[in-house]
Amino acid sequence: MQKNLPASSAHDKRYIYIACPWTHKGGGMFKVADYLIQAQAFNARADIAELRPLDTRGGANALYSFWVLATALGKLLQGKLNGKLAGVHVNMAERLSFFRKVAVMAVCRLLRVPVVLHLHAAQLHHAYRAWPQPLQALARWAFSLPSSCVVLGSAARRFVNEELKVPANRIEVVINGVPEPTETRRDVAAQTRQRILFVGNLTERKGVSDLLHAMAVPGFDASRVELTFAGGGEVQSYEQKARELGVDHFVRFAGWSDQQQVARLMAQADVLVLPSYDEGLPLVILEAMANGVAVVCSPVGEIPFVLTNGVNACFVQPGDVPGIATALQQVLAQPALRETLERNGRALYELQFSLTRFAASIARIHQRHFGIAGQPLESHARITEATL
């Protein structure tokens with residue numbers, strides 16, 4: 001994409017780093033950052049910034065990640081010295097991601113480079129409450145560094161404001177956005193199987209064991225139903241569990257799947273299921289709604305603040321195996337219910353969760369705090385049309 005810029009413009013252009021792990025190990029946080037990069041329209045104008053990825057972890061082991069982080073910090077220094085670095089958009093999750101991003105923000109403070117912090121962590125509030133006081137103090141100091149803290153919704157805003165002591169006027173709620181579907185939606189009349197899809201890292205936190213046990217509950221027609229797990233993690237152990245439960249003949253494990261593979265699976269799915277114990281606002285739910293796929297999920301994190309049970313999603317409680325089975329069976333057996341969820345989910349996507357809306361929201365934040373922003377694709381299209 002950079003090749004679309006004239007050489008002189010590319011050399012002189014100011015840029016904004018989007019910092020996160022730039023591999024699938026970054027999970028949903030990486031997908032959000034990558035979507036943001038994908039949504040930009042490159043423009044040679046001096047008042048339009050380029051969004052650039054800044055890898056802070058790499059795809060190898062934790063030890064190698066220190067080298068990747070050191071390299072990233074060196075790029076910050078280089079950007080400051082050449083005067084082209086306008087700001088850094090830091091994407092933070094929990095665990096080691098927290099400490100890596102603290103290092104990035106601390107170096108930015110030393111270099112006087114403005115920072116916007118984007119919090120994606122679904123479990124940081126649990127970890128914070130269990131930390132000793134010195135570590136809690138470090139967290140509060142770290143959250144005092146950025147010019148603005150972007151959160152996914154009201155639950156995260158309360159945590160950041162009340163426990164991390166970030167002033168309310170430095171907290172901004174931005175709901176994630178995802179692209180329009182790239183694959184043609186399945187033909188219901190031509191289908192011989194009803195397809196249930198799970199997308200995410202295969203862990204107990206995501207409710208994978210609960211879902212497998214739910215599929216063993218009587219009521220599923222094994223000759224017509226297929227459940228696909230698309231994601232990495234403890235795949236072999238869950239394959240063994242599926243065999244033990246006797247559901248392996250209609251449950252398959254696709255392994256980690258890239259954006260294109262997930263798009264193909266989503267286009268063929270009848271139901272997206274995510275019975276998690278903890279979440280922020282999962283991108284896979286937004287992707288399902290974009291594709292007009294009915295959603296069965298647990299009302300955790302920001303989900304109950306943006307979705308409504310029976311209107312654009314079907315809620316199941318975490319750990320409620322019979323409830324998960326009942327919800328899936330009802331959605332599969334009742335075309336009117338499924339079509340209502342599909343239609344209302346797609347309408348909500350168009351209203352709140354489009355990538356265009358998300359990219360424009362982030363661009364406004366960058367403009368306020370960095371004095372410059374990238375140009376989302378749709379605004380580029382409007383400018384092009386206006387000049388014709």
# chains A, B, ... in the order shown; residues from 1 in each chain; ligands from 1

call {"tool": "residues_around", "arguments": {"residues": "Arg224 of chain A", "least_positions_apart": "4", "cutoff": "10 Å", "atoms": "only C-alpha atoms", "output": "VMD selection string"}}
result
chain A and resid 191 to 195 220 250

call {"tool": "select_by_dssp", "arguments": {"residues": "segment 107-335 of chain A", "states": "helix (DSSP H, G or I)", "output": "PDB file with C-alpha atoms, in the first residue's frame"}}
result
ATOM      1  CA  VAL A 107       9.746   5.895  26.661  1.00  0.00           C
ATOM      2  CA  CYS A 108       7.210   8.058  24.852  1.00  0.00           C
ATOM      3  CA  ARG A 109       6.928  10.245  27.961  1.00  0.00           C
ATOM      4  CA  LEU A 110      10.724  10.640  28.038  1.00  0.00           C
ATOM      5  CA  LEU A 111      10.750  11.530  24.347  1.00  0.00           C
ATOM      6  CA  LEU A 124      -7.249  -6.579  33.709  1.00  0.00           C
ATOM      7  CA  HIS A 125      -9.705  -5.549  36.435  1.00  0.00           C
ATOM      8  CA  HIS A 126      -9.448  -9.038  37.985  1.00  0.00           C
ATOM      9  CA  ALA A 127      -5.644  -8.998  37.851  1.00  0.00           C
ATOM     10  CA  TYR A 128      -5.418  -5.445  39.210  1.00  0.00           C
ATOM     11  CA  ARG A 129      -7.493  -6.271  42.289  1.00  0.00           C
ATOM     12  CA  ALA A 130      -5.228  -9.222  43.088  1.00  0.00           C
ATOM     13  CA  GLN A 133      -0.084  -2.307  46.301  1.00  0.00           C
ATOM     14  CA  PRO A 134       3.246  -1.440  44.567  1.00  0.00           C
ATOM     15  CA  LEU A 135       2.048  -3.071  41.346  1.00  0.00           C
ATOM     16  CA  GLN A 136      -1.314  -1.320  41.610  1.00  0.00           C
ATOM     17  CA  ALA A 137       0.554   1.965  42.022  1.00  0.00           C
ATOM     18  CA  LEU A 138       2.555   1.172  38.858  1.00  0.00           C
ATOM     19  CA  ALA A 139      -0.692   0.562  36.981  1.00  0.00           C
ATOM     20  CA  ARG A 140      -2.172   3.889  38.119  1.00  0.00           C
ATOM     21  CA  TRP A 141       1.011   5.704  37.133  1.00  0.00           C
ATOM     22  CA  ALA A 142       1.036   3.997  33.727  1.00  0.00           C
ATOM     23  CA  PHE A 143      -2.542   5.071  33.041  1.00  0.00           C
ATOM     24  CA  SER A 154     -19.171   1.691  30.276  1.00  0.00           C
ATOM     25  CA  ALA A 155     -17.863  -1.200  32.412  1.00  0.00           C
ATOM     26  CA  ALA A 156     -14.269  -0.525  31.346  1.00  0.00           C
ATOM     27  CA  ARG A 157     -14.805   3.223  31.749  1.00  0.00           C
ATOM     28  CA  ARG A 158     -15.876   2.761  35.381  1.00  0.00           C
ATOM     29  CA  PHE A 159     -12.841   0.593  36.126  1.00  0.00           C
ATOM     30  CA  VAL A 160     -10.389   3.017  34.540  1.00  0.00           C
ATOM     31  CA  ASN A 161     -11.983   6.021  36.216  1.00  0.00           C
ATOM     32  CA  GLU A 162     -12.747   4.671  39.692  1.00  0.00           C
ATOM     33  CA  ALA A 168     -13.296  11.202  33.238  1.00  0.00           C
ATOM     34  CA  ASN A 169     -12.338  13.849  30.680  1.00  0.00           C
ATOM     35  CA  ARG A 170      -9.396  11.675  29.527  1.00  0.00           C
ATOM     36  CA  VAL A 188     -30.162 -21.764   3.015  1.00  0.00           C
ATOM     37  CA  ALA A 189     -32.185 -23.793   0.516  1.00  0.00           C
ATOM     38  CA  ALA A 190     -29.066 -25.569  -0.748  1.00  0.00           C
ATOM     39  CA  VAL A 208     -15.041 -24.562  25.128  1.00  0.00           C
ATOM     40  CA  SER A 209     -15.609 -27.506  27.498  1.00  0.00           C
ATOM     41  CA  ASP A 210     -19.087 -26.212  28.299  1.00  0.00           C
ATOM     42  CA  LEU A 211     -19.891 -26.052  24.589  1.00  0.00           C
ATOM     43  CA  LEU A 212     -18.645 -29.598  23.967  1.00  0.00           C
ATOM     44  CA  HIS A 213     -20.739 -30.887  26.865  1.00  0.00           C
ATOM     45  CA  ALA A 214     -23.739 -28.940  25.503  1.00  0.00           C
ATOM     46  CA  MET A 215     -23.383 -30.696  22.138  1.00  0.00           C
ATOM     47  CA  VAL A 235      -6.716 -28.196  20.249  1.00  0.00           C
ATOM     48  CA  GLN A 236      -5.600 -31.787  20.871  1.00  0.00           C
ATOM     49  CA  SER A 237      -6.994 -31.927  24.405  1.00  0.00           C
ATOM     50  CA  TYR A 238     -10.371 -30.661  23.204  1.00  0.00           C
ATOM     51  CA  GLU A 239     -10.353 -33.144  20.321  1.00  0.00           C
ATOM     52  CA  GLN A 240      -9.873 -35.864  22.938  1.00  0.00           C
ATOM     53  CA  LYS A 241     -12.723 -34.467  25.018  1.00  0.00           C
ATOM     54  CA  ALA A 242     -14.996 -34.482  21.952  1.00  0.00           C
ATOM     55  CA  ARG A 243     -14.187 -38.174  21.443  1.00  0.00           C
ATOM     56  CA  GLU A 244     -14.870 -38.956  25.093  1.00  0.00           C
ATOM     57  CA  LEU A 245     -18.252 -37.214  24.875  1.00  0.00           C
ATOM     58  CA  GLN A 259      -8.954 -13.536   8.320  1.00  0.00           C
ATOM     59  CA  GLN A 260      -9.858 -15.056   4.948  1.00  0.00           C
ATOM     60  CA  GLN A 261     -10.482 -18.532   6.388  1.00  0.00           C
ATOM     61  CA  VAL A 262     -12.727 -17.123   9.107  1.00  0.00           C
ATOM     62  CA  ALA A 263     -14.606 -15.103   6.490  1.00  0.00           C
ATOM     63  CA  ARG A 264     -15.363 -18.284   4.533  1.00  0.00           C
ATOM     64  CA  LEU A 265     -16.507 -20.144   7.661  1.00  0.00           C
ATOM     65  CA  MET A 266     -18.656 -17.195   8.753  1.00  0.00           C
ATOM     66  CA  ALA A 267     -20.369 -16.983   5.373  1.00  0.00           C
ATOM     67  CA  GLN A 268     -21.511 -20.595   5.715  1.00  0.00           C
ATOM     68  CA  LEU A 283     -14.762  -8.892  17.341  1.00  0.00           C
ATOM     69  CA  VAL A 284     -16.111 -12.273  16.298  1.00  0.00           C
ATOM     70  CA  ILE A 285     -19.594 -11.261  17.478  1.00  0.00           C
ATOM     71  CA  LEU A 286     -19.404  -8.075  15.417  1.00  0.00           C
ATOM     72  CA  GLU A 287     -18.169 -10.081  12.420  1.00  0.00           C
ATOM     73  CA  ALA A 288     -21.085 -12.480  12.811  1.00  0.00           C
ATOM     74  CA  MET A 289     -23.584  -9.608  12.811  1.00  0.00           C
ATOM     75  CA  ALA A 290     -21.900  -8.085   9.759  1.00  0.00           C
ATOM     76  CA  ILE A 303     -21.781  -7.469  25.577  1.00  0.00           C
ATOM     77  CA  PRO A 304     -24.983  -6.809  27.602  1.00  0.00           C
ATOM     78  CA  PHE A 305     -24.502  -3.057  27.161  1.00  0.00           C
ATOM     79  CA  VAL A 306     -24.620  -3.237  23.365  1.00  0.00           C
ATOM     80  CA  VAL A 321     -24.466 -26.420  29.784  1.00  0.00           C
ATOM     81  CA  PRO A 322     -28.198 -27.237  29.476  1.00  0.00           C
ATOM     82  CA  GLY A 323     -28.907 -23.566  28.727  1.00  0.00           C
ATOM     83  CA  ILE A 324     -26.302 -23.488  25.942  1.00  0.00           C
ATOM     84  CA  ALA A 325     -27.780 -26.644  24.400  1.00  0.00           C
ATOM     85  CA  THR A 326     -31.346 -25.318  24.628  1.00  0.00           C
ATOM     86  CA  ALA A 327     -30.448 -21.959  23.066  1.00  0.00           C
ATOM     87  CA  LEU A 328     -28.601 -23.553  20.143  1.00  0.00           C
ATOM     88  CA  GLN A 329     -31.402 -26.039  19.524  1.00  0.00           C
ATOM     89  CA  GLN A 330     -34.031 -23.304  19.580  1.00  0.00           C
ATOM     90  CA  VAL A 331     -32.152 -21.063  17.143  1.00  0.00           C
ATOM     91  CA  LEU A 332     -31.540 -23.978  14.781  1.00  0.00           C
ATOM     92  CA  ALA A 333     -35.099 -25.302  14.993  1.00  0.00           C
ATOM     93  CA  PRO A 335     -36.281 -20.226  11.405  1.00  0.00           C
TER      94      PRO A 335
END

call {"tool": "closest_residue", "arguments": {"among": "A:His120, A:Arg185, A:Lys80, A:His24", "to": "Pro282 of chain A", "atoms": "only C-alpha atoms"}}
result
A:His120

call {"tool": "select_by_dssp", "arguments": {"residues": "segment 164-352 of chain A", "states": "strand (DSSP E or B)", "output": "VMD selection string"}}
result
chain A and resid 171 to 173 178 194 to 199 202 225 to 230 233 251 to 255 271 to 274 294 to 297 309 313 to 315

call {"tool": "write_last_selection", "arguments": {"atoms": "C-alpha atoms", "output": "PDB file, in the first residue's frame"}}
result
ATOM      1  CA  ILE A 171     -11.513   8.555  28.941  1.00  0.00           C
ATOM      2  CA  GLU A 172     -13.203   7.993  25.574  1.00  0.00           C
ATOM      3  CA  VAL A 173     -15.553   5.133  24.706  1.00  0.00           C
ATOM      4  CA  VAL A 178     -15.148  -4.700  11.604  1.00  0.00           C
ATOM      5  CA  GLN A 194     -26.911 -26.619   9.933  1.00  0.00           C
ATOM      6  CA  ARG A 195     -23.555 -25.099  10.827  1.00  0.00           C
ATOM      7  CA  ILE A 196     -22.572 -23.797  14.275  1.00  0.00           C
ATOM      8  CA  LEU A 197     -19.319 -21.829  14.454  1.00  0.00           C
ATOM      9  CA  PHE A 198     -16.991 -21.004  17.348  1.00  0.00           C
ATOM     10  CA  VAL A 199     -14.111 -18.607  16.643  1.00  0.00           C
ATOM     11  CA  LEU A 202      -9.606 -22.658  22.621  1.00  0.00           C
ATOM     12  CA  VAL A 225     -25.665 -30.414  12.583  1.00  0.00           C
ATOM     13  CA  GLU A 226     -21.979 -29.529  12.410  1.00  0.00           C
ATOM     14  CA  LEU A 227     -19.960 -27.523  14.963  1.00  0.00           C
ATOM     15  CA  THR A 228     -16.650 -26.054  13.834  1.00  0.00           C
ATOM     16  CA  PHE A 229     -14.026 -24.694  16.237  1.00  0.00           C
ATOM     17  CA  ALA A 230     -11.753 -22.186  14.482  1.00  0.00           C
ATOM     18  CA  GLY A 233      -4.871 -23.230  21.854  1.00  0.00           C
ATOM     19  CA  VAL A 251     -17.607 -31.592  15.742  1.00  0.00           C
ATOM     20  CA  ARG A 252     -14.492 -30.548  13.837  1.00  0.00           C
ATOM     21  CA  PHE A 253     -11.446 -28.486  14.748  1.00  0.00           C
ATOM     22  CA  ALA A 254     -10.114 -26.217  12.006  1.00  0.00           C
ATOM     23  CA  GLY A 255      -7.174 -24.934  14.077  1.00  0.00           C
ATOM     24  CA  VAL A 271     -25.102 -19.653  14.336  1.00  0.00           C
ATOM     25  CA  LEU A 272     -22.044 -18.113  15.990  1.00  0.00           C
ATOM     26  CA  VAL A 273     -21.652 -19.336  19.577  1.00  0.00           C
ATOM     27  CA  LEU A 274     -19.387 -17.818  22.246  1.00  0.00           C
ATOM     28  CA  ALA A 294     -27.363 -15.368  14.472  1.00  0.00           C
ATOM     29  CA  VAL A 295     -25.383 -14.979  17.712  1.00  0.00           C
ATOM     30  CA  VAL A 296     -25.598 -17.104  20.876  1.00  0.00           C
ATOM     31  CA  CYS A 297     -23.300 -15.723  23.576  1.00  0.00           C
ATOM     32  CA  ASN A 309     -31.348 -10.772  24.484  1.00  0.00           C
ATOM     33  CA  ALA A 313     -28.529 -12.089  20.244  1.00  0.00           C
ATOM     34  CA  CYS A 314     -29.526 -15.025  22.400  1.00  0.00           C
ATOM     35  CA  PHE A 315     -27.904 -14.915  25.850  1.00  0.00           C
TER      36      PHE A 315
END

call {"tool": "closest_residue", "arguments": {"among": "A:Gly59, A:Pro181, A:Pro114, A:Gly319", "to": "Leu76 of chain A", "atoms": "only C-alpha atoms"}}
result
A:Pro114

call {"tool": "residues_around", "arguments": {"residues": "segment 357-367 of chain A", "least_positions_apart": "5", "cutoff": "12 Å", "atoms": "only C-alpha atoms", "output": "PyMOL selection string"}}
result
chain A and resi 15-18+32-41+47-51+86-90+114-118+147-152+170-180+349-352+372-380

call {"tool": "residues_around", "arguments": {"residues": "Thr23 of chain A", "least_positions_apart": "4", "cutoff": "10 Å", "atoms": "only C-alpha atoms", "output": "PDB file with N, CA and C atoms, in the first residue's frame"}}
result
ATOM      1  N   GLY A  27      -4.233 -11.827  19.311  1.00  0.00           N
ATOM      2  CA  GLY A  27      -5.663 -12.088  19.435  1.00  0.00           C
ATOM      3  C   GLY A  27      -6.515 -10.969  18.862  1.00  0.00           C
ATOM      4  N   PHE A  30      -4.844  -7.577  18.170  1.00  0.00           N
ATOM      5  CA  PHE A  30      -4.150  -7.470  16.893  1.00  0.00           C
ATOM      6  C   PHE A  30      -5.145  -7.246  15.757  1.00  0.00           C
ATOM      7  N   LYS A  31      -6.289  -7.940  15.796  1.00  0.00           N
ATOM      8  CA  LYS A  31      -7.264  -7.789  14.729  1.00  0.00           C
ATOM      9  C   LYS A  31      -7.799  -6.360  14.674  1.00  0.00           C
ATOM     10  N   ASP A  34      -5.050  -4.228  13.189  1.00  0.00           N
ATOM     11  CA  ASP A  34      -4.873  -4.527  11.773  1.00  0.00           C
ATOM     12  C   ASP A  34      -6.032  -3.978  10.946  1.00  0.00           C
ATOM     13  N   ASP A  55       5.394  -3.458  16.025  1.00  0.00           N
ATOM     14  CA  ASP A  55       5.308  -4.743  16.717  1.00  0.00           C
ATOM     15  C   ASP A  55       6.026  -4.653  18.053  1.00  0.00           C
ATOM     16  N   ARG A  57       5.870  -7.395  20.353  1.00  0.00           N
ATOM     17  CA  ARG A  57       6.036  -8.726  20.926  1.00  0.00           C
ATOM     18  C   ARG A  57       6.683  -9.740  19.998  1.00  0.00           C
ATOM     19  N   GLY A  58       6.309  -9.759  18.725  1.00  0.00           N
ATOM     20  CA  GLY A  58       6.775 -10.795  17.821  1.00  0.00           C
ATOM     21  C   GLY A  58       5.963 -12.068  17.986  1.00  0.00           C
ATOM     22  N   GLY A  59       6.271 -13.056  17.155  1.00  0.00           N
ATOM     23  CA  GLY A  59       5.491 -14.277  17.173  1.00  0.00           C
ATOM     24  C   GLY A  59       6.170 -15.455  17.817  1.00  0.00           C
ATOM     25  N   ALA A  60       7.363 -15.250  18.359  1.00  0.00           N
ATOM     26  CA  ALA A  60       8.104 -16.360  18.968  1.00  0.00           C
ATOM     27  C   ALA A  60       7.884 -16.373  20.483  1.00  0.00           C
TER      28      ALA A  60
END

call {"tool": "residues_around", "arguments": {"residues": "Ser276 of chain A", "least_positions_apart": "6", "cutoff": "7 Å", "atoms": "only C-alpha atoms", "output": "list in words"}}
result
Arg205, Lys206, Gly207, Ser298 and Pro318 of chain A

call {"tool": "atom_distance", "arguments": {"atom1": "atom CA of Gly74 of chain A", "atom2": "atom CA of Ala103 of chain A"}}
result
12.0 Å

call {"tool": "atom_distance", "arguments": {"atom1": "atom CA of Leu145 of chain A", "atom2": "atom CA of Pro167 of chain A"}}
result
11.9 Å
